Structure formats: C-alpha cells, structure tokens
Amino acid sequence: MNAARVVRRAAAGAAAFLLALPAQGARAAELGDTYAHLERVRQVAGLKPFRRNALLEAAAARHARYLALNRTRGHFEQQGRPAFAGYSVAERTKQAGYSAFRVGENVATGNHAGVQSVDGLMTALYHRLGFLAFGSDEVGIGIDQAGPEERKFVFNMGDSALRAFCADPPASALFRPPGRYVELCPQGLRVHDAAYSALSTATSRGHPRVVLWPPPDGADVVPAFFDEDPDPLPDREVSGNPITVQFNPARVGRVRLLEFALFRADGAGAPGRSERPRPAPVGNTRVLTRASDPNRELTAHEFALFPLDRLDWNAGYRVRARFEADGREELLEWSFRTRALDVPLYTVQARGETVPVRAATAYALYIPPTADLPVVRRFDSSMPQGAAAQIDFIDGNTLRAVVTAPHCQTVTVRLGGERHVRLRVAGQDNTGAQHPEAELYKGCGEFAADFRIEGNGEVLPARSGAALLVYVRSGAVGQVRWRYPEDVAVSIDVQDEHTLRLSVRGPPGRTVEVQLAGGRSFRVKITGEP
C-alpha cells in the first residue's frame with residue numbers, strides 16, 4: 001500500500017511543482033481543487049482563508065519536483081542531486097523572491113489526490129497545526145508525480161504582514177543601540193525587540209481566540225491517524241484522529257489544561273424509550289501538551305487528545321475540555337461525526353469468515369486493528385475462472401472491493417499470514433438486515449445439491465445422462481480429475497469452489513472415479529437409462 005506519509009512542520013518555506021499531469025488544464029484543475037479544499041478547512045476552523053501566493057507556489061513547485069525526481073521525502077535537499085533548489089525551505093523561498101523567511105511547510109507523499117492529501121495532513125497532529133496556524137495567512141501549493149502510484153505534495157504557509165515588512169521595512173522599526181534586537185527577513189535586518197513583538201502577532205490578532213479540531217458539528221471527520229514524522233505516538237501504528245485545542249497567543253496569555261475527555265455520543269435508546277443514551281467515555285486516550293509531547297513540537301497554547309484506538313466510521317463523538325486561561329476557568333464542549341462511507345460496510349476479523357456480496361457492487365471491508373495486524377499493508381486475491389475482483393485501499397484498515405462473478409462464486413482476499421476473508425456472490429447482502437444462508441445462497445450447491453459429500457470415497461448412483469449437482473463439504477474441490485471406461489462419456493463443470501455439476505452417459509454398472517484436491521475422491525455409478 002502506498003499510504004500517505006506526512007513529514008514534519010518546518011520553520012521556513014517551500015512549495016511544489018506539478019510535473020507529470022497530462023495537460024496544463026488538468027494541472028490547473030488539480031491545484032485549484034487543492035487550494036479550494038484547504039480554504040474550506042480554514043473556514044470551517046473559523047480562521048481567515050489563506051491567500052494564494054505565487055512566490056510560495058513557485059518555491060513549493062521546485063521542492064516537489066526535487067522530491068519526485070529523487071524519489072525521496074522531507075524538507076531538506078542535497079546539493080548535486082537533480083532539480084536541487086536549496087537545502088532548506090528558507091533558502092528555497094528566498095530564491096523564489098519571497099521576502100520573509102518565517103514560512104511553515106507541510107509535505108506529504110502517496111497516491112492520493114491533492115484534496116485527499118489535505119485530509120491526510122489534517123489527521124497528523126503537527127501538520128494540522130501548521131495548516132491552522134494563527135500566524136499564517138497565505139499559501140503556495142505544489143504537486144508533482146513521482147511515478148504511476150506516487151505523488152508529492154508540498155504546502156508553504158506564510159505571513160503577509162511579515163512579508164510586507166521585509167519588502168519595505170520602516171526606519172522606525174530598525175534597531176539602534178541600546179536595547180535588544182531580532183535578526184529578521186532574508187537580508188538579516190536588525191529589528192527592535194518591541195517592533196518585532198508587534199509584527200509577530202499582527203496576523204494572529206486577526207484570527208479567533210481559540211480553534212477546535214475536529215470542528216464543532218463537523219460531519220465528515222476522518223476516523224484514523226496512521227503516520228507522521230516526527231511521530232507523536234511512536235508506540236502506535238494506528239490510532240484515532242487526534243482532537244486539538246489551540247489558543248491564540250496574540251489574544252490569550254497563560255493557559256493551563258484541567259480536563260480533556262472524549263465520549264461516544266450516538267446510538268439508539270433502549271427499547272420502548274425515545275431518549276438517546278448518555279455519552280459513553282472513550283477511555284483509551286492520551287493527552288499531549290507542551291510538557292508531554294515526545295517531540296517538543298507543541299507550544300504552551302496547543303493541546304491534543306489522541307484516542308489510542310481508531311474511531312469508528314459514521315459515528316458521533318463529543319468532546320469536553322476545561323482550561324484555566326488567564327486566570328479564569330473555561331469549558332469547551334462540542335460534537336462531531338466521523339466520515340460515512342459511500343458504500344455498504346462489513347466489519348470483518350479476516351480470520352476466514354465468508355460474507356455475502358451482490359455481484360458488481362462495491363463494499364467496504366473494515367478490518368479492526370489487532371496486535372498481529374494493526375495495519376493492512378498489502379493484500380492479494382484468488383478466485384475461480386470466470387470471476388473478477390477490483391480491490392483498493394480506503395485507508396490502512398479498510399478495503400473497497402467489487403466482485404464480478406456468477407452467483408455462488410467466491411473470491412478470497414488474503415492479508416498476509418493466515419488472515420483472509422471470503423466474498424461470496426449472493427442474491428442480497430447482510431450489511432443491513434440479516435438473511436439466512438438458505439435465502440442468500442439459494443440455488444448454490446449446499447442448498448440445491450443432489451448429493452452432499454466429504455470426498456472420502458462415496459459412491460453416488462446416477463442414471464445415464466442425468467445431470468447431478470454434488471456439493472463437497474470438506475473444503476474446496478481444487479483441481480478435478482476423473483477416470484472412466486472407454487464406453488462412458490463424462491461432463492464435469494466446477495460451479496463454485498465446493499460444487500460440481502456432472503453427468504455420465506454409458507451402460508448400467510459402469511463407474512467413474514472423480515479425484516479432488518488433497519487426495520479426496522468419490523465415484524459415480526451408472527444405475528440405468530434416464
């Protein structure tokens with residue numbers, strides 16, 4: 001699986017380049033969709049939209065091209081490699097002509113579209129905070145194609161107030177002894193400490209006091225977090241999408257966390273009762289603050305709660321967080337809902353179970369994380385002749401599968417080791433109401449067969465020329481061979497992995513031996529004319 005991977009925030013700029021899209025129109029459409037989706041994210045969070053900046057976009061394009069051509073990832077480039085554009089984001093944005101060096105960078109790689117890349121980065125704690133930074137208000141995006149199934153995405157977030165200052169610094173802000181100063185801008189201007197303090201919060205002051213994510217009443221929240229560099233959960237391969245609270249340092253001083261809790265908040269009431277049940281606590285969680293963050297990336301104004309078990313698809317949750325902000329207690333409570341898949345969903349353990357599917361219909365197969373299979377990294381499938389299956393990843397625990405095959409045929413999806421699930425074509429499925437097997441597989445061998453056997457040498461009587469349906473209970477029939485006298489004609493077809501349709505024609509008393517995989521066999525004895 002080419003799962004999207006995200007790489008840490010950087011302290012200064014980069015962007016990207018769309019190299020291998022089929023045409024200029026497709027390139028512009030891809031970038032346009034990605035910008036629009038990122039703007040929706042900012043607006044839902046209550047932040048002012050990013051403005052598109054051509055210089056940031058040019059720098060990002062160069063870095064994305066470098067990542068694609070060198071099949072690598074990250075924020076830093078090596079001089080001498082193809083498409084080298086500058087070691088750091090600061091160097092790349094400076095070379096592109098961007099006048100401020102305080103630029104945030106998010107990088108993602110994978111086989112997703114730009115919109116999916118944004119969604120993936122928003123599940124990654126540090127990258128989310130980069131997109132939702134109070135001190136950023138403009139962005140440049142770059143996309144490049146590294147191969148048929150691998151794309152590179154680079155996002156550069158800048159500060160227009162700082163950029164404008166560096167482009168034309170007022171004399172009153174420049175440092176003259178005595179006092180303290182800060183070196184600022186690509187040209188290393190010495191700026192009075194007081195002037196820098198005002199400048200550094202100019203953009204932040206225009207943003208809200210607090211930002212919550214997932215957003216209040218959000219209805220399409222991705223349920224899982226898989227990977228980030230650096231990793232805020234180095235001991236977990238998959239967890240739930242983190243919940244974050246960010247206080248605006250330009251509007252809030254000292255903040256202290258008092259309580260941070262998550263609750264499952266949907267479901268039907270008890271029989272005969274109309275009220276909904278009380279929210280149930282989600283107990284297996286981990287709270288990260290500036291003090292407990294293993295990578296020391298969080299500031300004193302940023303807080304995160306990780307559900308250590310991934311969230312469910314299409315489920316409601318409620319958050320309760322209490323803080324002491326500037327000496328006053330503050331309670332934040334809000335609800336959100338995780339993404340609903342657009343296809344029927346099966347939750348399977350992939351330990352050999354069989355699920356009924358309708359032919360040519362898409363299904364989601366969710367395999368809950370376990371110690372031996374926390375993430376599905378690869379799969380393969382097997383099927384009888386005449387069947388076909390299209391299987392793709394939705395995320396690291398969820399597959400999308402479409403089986404095109406005759407009624408009763410089975411496709412086996414293997415996830416590695418002994419883990420597998422069987423998809424059998426039926427007249428209807430069990431994603432809603434539960435149906436008995438006899439109804440689901442009506443006409444299939446186990447319910448319509450003339451004989452149900454183990455394959456341990458049974459003798460089946462058959463009239464000459466009559467068609468028989470034989471169901472083998474002891475396992476798949478596998479490769480079938482048969483032996484028969486010269487004056488007998490035999491026809492055998494494999495209906496599905498357990499069922500044979502056969503007919504024998506010849507004089508009474510003649511016998512046909514049918515051999516199955518695994519040393520199993522049975523015989524058919526002709527008893528008379530049809």
# chains A, B, ... in the order shown; residues from 1 in each chain; ligands from 1
>>> residues_around(residues="Glu330 in chain A", least_positions_apart="6", cutoff="10 Å", atoms="only C-alpha atoms", output="PyMOL selection string")
chain A and resi 257-258+321-324
>>> residues_around(residues="range 282-295 of chain A", least_positions_apart="2", cutoff="9 Å", atoms="only C-alpha atoms", output="PyMOL selection string")
chain A and resi 230-234+257+260-264+280+297-309
>>> closest_atom_pairs(of="range 360-467 of chain A", to="range 349-355 of chain A", cutoff="7 Å", atoms="only C-alpha atoms", output="tab-separated table")
residue	atom	partner	partner_atom	distance
A:Ile367	CA	A:Gln349	CA	5.7
A:Pro368	CA	A:Gln349	CA	6.8
A:Arg419	CA	A:Arg351	CA	5.1
A:His420	CA	A:Ala350	CA	4.6
A:Val421	CA	A:Ala350	CA	4.7
A:Arg422	CA	A:Thr354	CA	4.5
A:Leu423	CA	A:Val355	CA	5.3
A:Arg424	CA	A:Val355	CA	6.2
>>> closest_residue(among="A:Tyr126, A:Tyr441, A:Phe226, A:Trp334", to="Cys408 in chain A", atoms="only C-alpha atoms")
A:Tyr441
>>> select_by_dssp(residues="range 193-356 of chain A", states="helix (DSSP H, G or I)", output="JSON, numbers by chain")
{"A": [193, 194, 195, 196, 197, 198, 199, 200, 204, 205, 206]}
>>> closest_atom_pairs(of="range 307-424 of chain A", to="range 472-494 of chain A", cutoff="12 Å", atoms="only C-alpha atoms", output="Markdown table")
| residue | atom | partner | partner_atom | distance |
| --- | --- | --- | --- | --- |
| A:Met383 | CA | A:Gly478 | CA | 11.2 |
| A:Pro384 | CA | A:Val494 | CA | 8.9 |
| A:Gln385 | CA | A:Val494 | CA | 9.3 |
| A:Gly386 | CA | A:Val494 | CA | 10.8 |
| A:Pro406 | CA | A:Val494 | CA | 11.9 |
| A:Cys408 | CA | A:Val494 | CA | 11.2 |
| A:Gln409 | CA | A:Val494 | CA | 10.0 |
| A:Thr410 | CA | A:Ala476 | CA | 10.5 |
| A:Thr412 | CA | A:Ala476 | CA | 11.7 |
>>> write_last_selection(atoms="all heavy atoms", output="compact mmCIF listing (two decimals), in the first residue's frame")
# COMPACT_ATOMS: atom_id res chain seq x y z
N MET A 383 -9.46 -16.39 -7.08
CA MET A 383 -10.86 -16.57 -7.49
C MET A 383 -10.93 -17.63 -8.57
O MET A 383 -9.95 -17.90 -9.26
CB MET A 383 -11.43 -15.24 -7.99
CG MET A 383 -10.74 -14.70 -9.23
SD MET A 383 -10.84 -12.90 -9.34
CE MET A 383 -9.68 -12.38 -8.06
N PRO A 384 -12.08 -18.24 -8.75
CA PRO A 384 -12.24 -19.24 -9.80
C PRO A 384 -12.27 -18.59 -11.18
O PRO A 384 -12.46 -17.37 -11.32
CB PRO A 384 -13.57 -19.91 -9.46
CG PRO A 384 -14.32 -18.89 -8.68
CD PRO A 384 -13.30 -18.11 -7.91
N GLN A 385 -12.09 -19.40 -12.19
CA GLN A 385 -12.16 -18.91 -13.56
C GLN A 385 -13.53 -18.33 -13.83
O GLN A 385 -14.55 -18.87 -13.42
CB GLN A 385 -11.87 -20.06 -14.53
CG GLN A 385 -11.74 -19.62 -15.98
CD GLN A 385 -11.31 -20.76 -16.88
OE1 GLN A 385 -11.14 -21.88 -16.43
NE2 GLN A 385 -11.12 -20.47 -18.16
N GLY A 386 -13.56 -17.19 -14.49
CA GLY A 386 -14.82 -16.53 -14.79
C GLY A 386 -15.20 -15.47 -13.78
O GLY A 386 -16.17 -14.73 -13.99
N PRO A 406 -20.36 -15.07 -11.23
CA PRO A 406 -21.67 -15.71 -11.18
C PRO A 406 -22.12 -15.95 -9.74
O PRO A 406 -21.31 -15.98 -8.81
CB PRO A 406 -21.44 -17.04 -11.91
CG PRO A 406 -20.20 -16.84 -12.72
CD PRO A 406 -19.36 -15.88 -11.95
N CYS A 408 -22.99 -17.58 -6.39
CA CYS A 408 -22.36 -18.63 -5.58
C CYS A 408 -20.84 -18.64 -5.65
O CYS A 408 -20.20 -19.28 -4.80
CB CYS A 408 -22.87 -20.03 -5.93
SG CYS A 408 -24.66 -20.21 -5.89
N GLN A 409 -20.23 -17.96 -6.62
CA GLN A 409 -18.77 -17.97 -6.71
C GLN A 409 -18.15 -17.17 -5.56
O GLN A 409 -18.75 -16.23 -5.04
CB GLN A 409 -18.30 -17.39 -8.04
CG GLN A 409 -18.71 -18.22 -9.25
CD GLN A 409 -17.76 -19.39 -9.47
OE1 GLN A 409 -17.17 -19.90 -8.54
NE2 GLN A 409 -17.62 -19.82 -10.72
N THR A 410 -16.92 -17.52 -5.19
CA THR A 410 -16.25 -16.91 -4.05
C THR A 410 -14.89 -16.36 -4.45
O THR A 410 -14.13 -17.01 -5.17
CB THR A 410 -16.06 -17.94 -2.92
OG1 THR A 410 -17.34 -18.42 -2.49
CG2 THR A 410 -15.32 -17.34 -1.73
N THR A 412 -11.43 -14.95 -2.57
CA THR A 412 -10.73 -14.93 -1.30
C THR A 412 -9.71 -13.80 -1.29
O THR A 412 -8.88 -13.70 -2.20
CB THR A 412 -10.03 -16.28 -1.04
OG1 THR A 412 -11.00 -17.32 -1.02
CG2 THR A 412 -9.30 -16.25 0.31
>>> closest_atom_pairs(of="range 152-247 of chain A", to="range 46-65 of chain A", cutoff="10 Å", atoms="only C-alpha atoms", output="Markdown table")
| residue | atom | partner | partner_atom | distance |
| --- | --- | --- | --- | --- |
| A:Lys152 | CA | A:Ala64 | CA | 5.8 |
| A:Phe153 | CA | A:Ala64 | CA | 6.4 |
| A:Val154 | CA | A:Ala60 | CA | 5.7 |
| A:Phe155 | CA | A:Ala60 | CA | 6.5 |
| A:Asn156 | CA | A:Leu56 | CA | 6.0 |
| A:Met157 | CA | A:Leu56 | CA | 7.7 |
| A:Gly158 | CA | A:Leu56 | CA | 7.8 |
| A:Asp159 | CA | A:Phe50 | CA | 9.8 |
| A:Ser160 | CA | A:Arg51 | CA | 9.0 |
| A:Thr203 | CA | A:Lys48 | CA | 10.0 |
| A:Ser204 | CA | A:Leu47 | CA | 9.8 |
| A:Gly206 | CA | A:Lys48 | CA | 7.9 |
| A:His207 | CA | A:Leu47 | CA | 5.8 |
| A:Pro208 | CA | A:Leu47 | CA | 6.7 |
| A:Arg209 | CA | A:Gly46 | CA | 9.8 |
| A:Val210 | CA | A:Gly46 | CA | 8.9 |
| A:Val211 | CA | A:Gly46 | CA | 7.0 |
| A:Leu212 | CA | A:Gly46 | CA | 8.8 |
| A:Pro215 | CA | A:Gly46 | CA | 8.9 |
>>> atom_distance(atom1="CA of Leu399 in chain A", atom2="CA of Val118 in chain A")
20.6 Å
>>> residues_around(residues="Gly445 in chain A", least_positions_apart="3", cutoff="7 Å", atoms="only C-alpha atoms", output="mmCIF file with all heavy atoms, in the first residue's frame")
data_model
loop_
_atom_site.group_PDB
_atom_site.id
_atom_site.type_symbol
_atom_site.label_atom_id
_atom_site.label_comp_id
_atom_site.auth_asym_id
_atom_site.auth_seq_id
_atom_site.Cartn_x
_atom_site.Cartn_y
_atom_site.Cartn_z
ATOM 1 N N ALA A 448 -28.911 -26.758 -2.961
ATOM 2 C CA ALA A 448 -29.600 -27.316 -4.121
ATOM 3 C C ALA A 448 -28.999 -28.631 -4.594
ATOM 4 O O ALA A 448 -29.497 -29.229 -5.550
ATOM 5 C CB ALA A 448 -29.569 -26.301 -5.279
ATOM 6 N N ALA A 449 -27.952 -29.109 -3.925
ATOM 7 C CA ALA A 449 -27.222 -30.275 -4.422
ATOM 8 C C ALA A 449 -28.050 -31.556 -4.321
ATOM 9 O O ALA A 449 -28.854 -31.741 -3.398
ATOM 10 C CB ALA A 449 -25.918 -30.434 -3.648
ATOM 11 N N LEU A 469 -25.841 -32.408 -9.231
ATOM 12 C CA LEU A 469 -25.130 -31.344 -8.529
ATOM 13 C C LEU A 469 -24.557 -31.957 -7.256
ATOM 14 O O LEU A 469 -25.292 -32.468 -6.414
ATOM 15 C CB LEU A 469 -26.078 -30.186 -8.190
ATOM 16 C CG LEU A 469 -25.457 -28.796 -8.002
ATOM 17 C CD1 LEU A 469 -24.767 -28.332 -9.274
ATOM 18 C CD2 LEU A 469 -26.531 -27.795 -7.579
ATOM 19 N N VAL A 470 -23.219 -31.883 -7.120
ATOM 20 C CA VAL A 470 -22.531 -32.510 -5.985
ATOM 21 C C VAL A 470 -21.828 -31.424 -5.184
ATOM 22 O O VAL A 470 -20.992 -30.680 -5.722
ATOM 23 C CB VAL A 470 -21.513 -33.564 -6.460
ATOM 24 C CG1 VAL A 470 -20.793 -34.189 -5.256
ATOM 25 C CG2 VAL A 470 -22.197 -34.628 -7.297
ATOM 26 N N TYR A 471 -22.151 -31.360 -3.898
ATOM 27 C CA TYR A 471 -21.550 -30.363 -3.007
ATOM 28 C C TYR A 471 -20.542 -31.064 -2.098
ATOM 29 O O TYR A 471 -20.858 -32.046 -1.419
ATOM 30 C CB TYR A 471 -22.623 -29.676 -2.167
ATOM 31 C CG TYR A 471 -22.076 -28.666 -1.193
ATOM 32 C CD1 TYR A 471 -21.662 -27.411 -1.628
ATOM 33 C CD2 TYR A 471 -21.959 -28.968 0.163
ATOM 34 C CE1 TYR A 471 -21.151 -26.478 -0.739
ATOM 35 C CE2 TYR A 471 -21.450 -28.041 1.060
ATOM 36 C CZ TYR A 471 -21.049 -26.801 0.592
ATOM 37 O OH TYR A 471 -20.546 -25.874 1.472
ATOM 38 N N THR A 499 -18.712 -26.949 -5.379
ATOM 39 C CA THR A 499 -19.820 -27.600 -6.080
ATOM 40 C C THR A 499 -19.423 -28.000 -7.500
ATOM 41 O O THR A 499 -18.849 -27.204 -8.250
ATOM 42 C CB THR A 499 -21.045 -26.657 -6.136
ATOM 43 O OG1 THR A 499 -21.309 -26.149 -4.822
ATOM 44 C CG2 THR A 499 -22.265 -27.401 -6.641
#
>>> residues_around(residues="Pro436 in chain A", least_positions_apart="4", cutoff="12 Å", atoms="only C-alpha atoms", output="VMD selection string")
chain A and resid 355 to 356 426 to 430 440 to 442 447
>>> residues_around(residues="Asp342 in chain A", least_positions_apart="2", cutoff="9 Å", atoms="only C-alpha atoms", output="CSV table (one decimal) with N, CA, C and O atoms, in the first residue's frame")
chain,number,residue,atom,x,y,z
A,340,ALA,N,-18.9,9.0,6.9
A,340,ALA,CA,-19.8,7.9,6.4
A,340,ALA,C,-19.3,7.5,5.1
A,340,ALA,O,-19.1,8.3,4.1
A,344,PRO,N,-21.8,0.1,1.2
A,344,PRO,CA,-22.1,-0.7,2.3
A,344,PRO,C,-20.8,-1.2,3.0
A,344,PRO,O,-19.8,-1.5,2.4
A,345,LEU,N,-20.9,-1.3,4.3
A,345,LEU,CA,-19.7,-1.6,5.1
A,345,LEU,C,-19.9,-3.0,5.9
A,345,LEU,O,-20.9,-3.2,6.5
A,363,TYR,N,-18.3,-2.7,-1.9
A,363,TYR,CA,-18.4,-2.8,-0.5
A,363,TYR,C,-17.1,-2.3,0.2
A,363,TYR,O,-16.0,-2.4,-0.4
A,364,ALA,N,-17.2,-1.9,1.4
A,364,ALA,CA,-16.1,-1.5,2.3
A,364,ALA,C,-15.9,-2.7,3.3
A,364,ALA,O,-16.8,-3.1,3.9
>>> closest_residue(among="A:Ala360, A:Leu125, A:Ala113, A:Leu162", to="Trp213 in chain A", atoms="only C-alpha atoms")
A:Leu125
>>> atom_distance(atom1="CA of Ile143 in chain A", atom2="CA of Gly114 in chain A")
7.6 Å
>>> atom_distance(atom1="CA of Val411 in chain A", atom2="CA of Glu454 in chain A")
22.1 Å
>>> select_by_dssp(residues="range 397-448 of chain A", states="strand (DSSP E or B)", output="JSON, numbers by chain")
{"A": [398, 399, 400, 401, 402, 403, 404, 410, 411, 412, 413, 414, 415, 416, 419, 420, 421, 422, 423, 424, 425]}
>>> residues_around(residues="Phe522 in chain A", least_positions_apart="4", cutoff="6 Å", atoms="only C-alpha atoms", output="mmCIF file with N, CA and C atoms, in the first residue's frame")
data_model
loop_
_atom_site.group_PDB
_atom_site.id
_atom_site.type_symbol
_atom_site.label_atom_id
_atom_site.label_comp_id
_atom_site.auth_asym_id
_atom_site.auth_seq_id
_atom_site.Cartn_x
_atom_site.Cartn_y
_atom_site.Cartn_z
ATOM 1 N N GLY A 455 -16.028 -36.457 0.251
ATOM 2 C CA GLY A 455 -14.942 -36.810 -0.652
ATOM 3 C C GLY A 455 -14.064 -37.906 -0.095
ATOM 4 N N GLY A 457 -14.505 -41.221 -0.699
ATOM 5 C CA GLY A 457 -14.743 -42.460 -1.430
ATOM 6 C C GLY A 457 -16.197 -42.830 -1.613
ATOM 7 N N GLU A 458 -17.110 -41.917 -1.354
ATOM 8 C CA GLU A 458 -18.538 -42.214 -1.509
ATOM 9 C C GLU A 458 -18.852 -42.671 -2.938
ATOM 10 N N VAL A 514 -13.922 -39.745 -9.567
ATOM 11 C CA VAL A 514 -13.634 -38.300 -9.597
ATOM 12 C C VAL A 514 -12.648 -38.003 -8.472
#
